[in-house]
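Peer 1: For reference, the file my_file_17.cif (mmCIF, C-alpha atoms) is included below:
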data_my_file
loop_
_atom_site.label_atom_id
_atom_site.label_comp_id
_atom_site.auth_asym_id
_atom_site.auth_seq_id
_atom_site.Cartn_x
_atom_site.Cartn_y
_atom_site.Cartn_z
CA MET A 1 6.40 -5.48 9.72
CA THR A 2 7.77 -4.55 13.09
CA GLU A 3 5.68 -3.16 15.88
CA ARG A 4 6.03 -0.16 18.14
CA GLY A 5 4.84 -2.03 21.20
CA GLY A 6 1.07 -1.88 21.00
CA GLY A 7 0.74 -1.16 24.69
CA LYS A 8 0.04 -3.68 27.39
CA GLY A 9 -3.10 -5.66 26.78
CA SER A 10 -3.26 -4.86 23.04
CA GLY A 11 -2.28 -8.37 22.00
CA ILE A 12 0.67 -7.03 19.97
CA VAL A 13 3.98 -8.58 21.04
CA SER A 14 6.85 -6.14 21.44
CA GLY A 15 9.91 -6.86 19.28
CA HIS A 16 8.02 -9.33 17.13
CA ALA A 17 7.59 -9.46 13.34
CA TYR A 18 4.20 -9.97 11.69
CA SER A 19 3.02 -10.78 8.16
CA LEU A 20 0.64 -8.58 6.21
CA LEU A 21 -1.74 -10.94 4.42
CA ARG A 22 -4.23 -8.57 2.84
CA ALA A 23 -5.38 -4.96 2.63
CA ALA A 24 -9.07 -4.39 1.91
CA GLU A 25 -11.65 -1.61 1.86
CA HIS A 26 -15.44 -1.64 1.85
CA ASN A 27 -17.68 1.42 2.19
CA GLY A 28 -14.80 3.50 3.59
CA VAL A 29 -13.68 0.87 6.11
CA ARG A 30 -9.94 0.26 5.47
CA LEU A 31 -8.63 -2.86 7.16
CA LEU A 32 -5.47 -4.94 7.13
CA ASN A 33 -5.39 -8.69 7.67
CA ILE A 34 -2.30 -9.51 9.72
CA ARG A 35 -0.75 -12.76 10.91
CA ASN A 36 1.36 -13.45 13.94
CA PRO A 37 3.58 -16.28 12.62
CA TRP A 38 3.90 -17.68 16.14
CA GLY A 39 0.11 -17.93 16.27
CA LYS A 40 -0.05 -17.32 20.00
CA THR A 41 -1.50 -13.84 20.42
CA GLU A 42 -3.71 -11.55 18.38
CA TRP A 43 -4.66 -7.87 18.33
CA ASN A 44 -7.63 -7.34 20.62
CA GLY A 45 -8.56 -3.73 19.78
CA SER A 46 -10.99 -2.37 17.20
CA TRP A 47 -11.77 -4.83 14.39
CA SER A 48 -10.27 -7.79 16.28
CA ASP A 49 -12.08 -11.13 16.01
CA ASN A 50 -14.67 -10.34 18.68
CA SER A 51 -14.99 -6.58 18.12
CA ASN A 52 -18.51 -5.19 18.18
CA LEU A 53 -17.64 -3.14 15.05
CA TRP A 54 -18.19 -6.20 12.85
CA THR A 55 -21.60 -6.45 11.22
CA PRO A 56 -22.73 -9.66 9.51
CA GLU A 57 -22.31 -7.85 6.15
CA LEU A 58 -18.72 -6.79 6.91
CA ARG A 59 -17.79 -10.23 8.28
CA LYS A 60 -18.93 -11.68 4.96
CA LYS A 61 -17.24 -9.00 2.79
CA PHE A 62 -13.89 -9.39 4.58
CA ASN A 63 -14.26 -13.17 5.01
CA VAL A 64 -13.66 -12.98 8.77
CA VAL A 65 -12.95 -16.27 10.51
CA VAL A 66 -13.00 -16.13 14.30
CA SER A 67 -10.27 -18.42 15.52
CA ASP A 68 -7.32 -18.25 17.89
CA ASP A 69 -4.89 -18.83 15.01
CA GLY A 70 -2.75 -15.67 15.08
CA VAL A 71 -4.62 -14.08 12.15
CA PHE A 72 -6.49 -10.86 12.85
CA TRP A 73 -7.89 -7.69 11.28
CA MET A 74 -6.84 -4.17 12.24
CA SER A 75 -7.79 -0.73 10.93
CA PHE A 76 -5.21 1.09 8.84
CA ASP A 77 -5.13 3.89 11.45
CA ASP A 78 -4.45 1.46 14.31
CA PHE A 79 -1.77 -0.17 12.18
CA CYS A 80 -0.01 3.18 11.71
CA GLN A 81 -0.10 3.77 15.47
CA ASN A 82 1.17 0.31 16.43
CA TYR A 83 3.76 -0.59 13.80
CA GLN A 84 6.90 1.29 12.82
CA GLY A 85 7.99 -0.33 9.58
CA VAL A 86 7.11 -2.64 6.72
CA GLY A 87 9.62 -4.78 4.83
CA ILE A 88 8.86 -6.53 1.56
CA CYS A 89 10.52 -9.88 0.94
#
Could I get this structure in the form of structure tokens?
Peer 2:
Amino acid sequence: MTERGGGKGSGIVSGHAYSLLRAAEHNGVRLLNIRNPWGKTEWNGSWSDNSNLWTPELRKKFNVVVSDDGVFWMSFDDFCQNYQGVGIC
């Protein structure tokens, strides 16, 4: 995947490639689990590690682990706004 830029402060690094680990849906919530292979920065918008959108039920359903490890969750809509392409290897 390659990004569009994410905007300053989004946590998305311009010109950087990311890995799509998982796509999941629960009760209409469509999320993507994404990894920054450099492990230095993470998305900090909706559905990020510390987002107030997470309920205990959703954290359990999506197996959310809060850690500064470069792995993060993002909504499908935010993904479409912040990334411009997906390559399959």
Peer 1: Return as a JSON list (two decimals) with C-alpha atoms, keeping the file's coordinate frame the set of residues that the PyMOL selection byres ((chain A and resi 51-57) around 12) yields on the displayed structure.
Peer 2:
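Once everything was written out, this is result_20.json:
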[["chain", "number", "residue", "atom", "x", "y", "z"],
["A", 26, "HIS", "CA", -15.44, -1.64, 1.85],
["A", 27, "ASN", "CA", -17.68, 1.42, 2.19],
["A", 29, "VAL", "CA", -13.68, 0.87, 6.11],
["A", 31, "LEU", "CA", -8.63, -2.86, 7.16],
["A", 43, "TRP", "CA", -4.66, -7.87, 18.33],
["A", 44, "ASN", "CA", -7.63, -7.34, 20.62],
["A", 45, "GLY", "CA", -8.56, -3.73, 19.78],
["A", 46, "SER", "CA", -10.99, -2.37, 17.20],
["A", 47, "TRP", "CA", -11.77, -4.83, 14.39],
["A", 48, "SER", "CA", -10.27, -7.79, 16.28],
["A", 49, "ASP", "CA", -12.08, -11.13, 16.01],
["A", 50, "ASN", "CA", -14.67, -10.34, 18.68],
["A", 58, "LEU", "CA", -18.72, -6.79, 6.91],
["A", 59, "ARG", "CA", -17.79, -10.23, 8.28],
["A", 60, "LYS", "CA", -18.93, -11.68, 4.96],
["A", 61, "LYS", "CA", -17.24, -9.00, 2.79],
["A", 62, "PHE", "CA", -13.89, -9.39, 4.58],
["A", 63, "ASN", "CA", -14.26, -13.17, 5.01],
["A", 64, "VAL", "CA", -13.66, -12.98, 8.77],
["A", 65, "VAL", "CA", -12.95, -16.27, 10.51],
["A", 66, "VAL", "CA", -13.00, -16.13, 14.30],
["A", 72, "PHE", "CA", -6.49, -10.86, 12.85],
["A", 73, "TRP", "CA", -7.89, -7.69, 11.28],
["A", 74, "MET", "CA", -6.84, -4.17, 12.24],
["A", 75, "SER", "CA", -7.79, -0.73, 10.93]]
Peer 1: Between CA of Thr41 in chain A and CA of Ile12 in chain A, what is the spacing in Å?
Peer 2: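 Result for CA of Ile12 in chain A versus CA of Thr41 in chain A: 7.2 Å, one decimal.
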Peer 1: Please, what distance in Å, to one decimal, runs between CA of Phe76 in chain A and CA of Leu32 in chain A?
Peer 2: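 A separation of 6.3 Å between them.
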Peer 1: What separation in Å, quoted to one decimal, exists between CA of Asp68 in chain A and CA of Gly85 in chain A?
Peer 2: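 Calculated distance between CA of Asp68 in chain A and CA of Gly85 in chain A is 25.0 Å.
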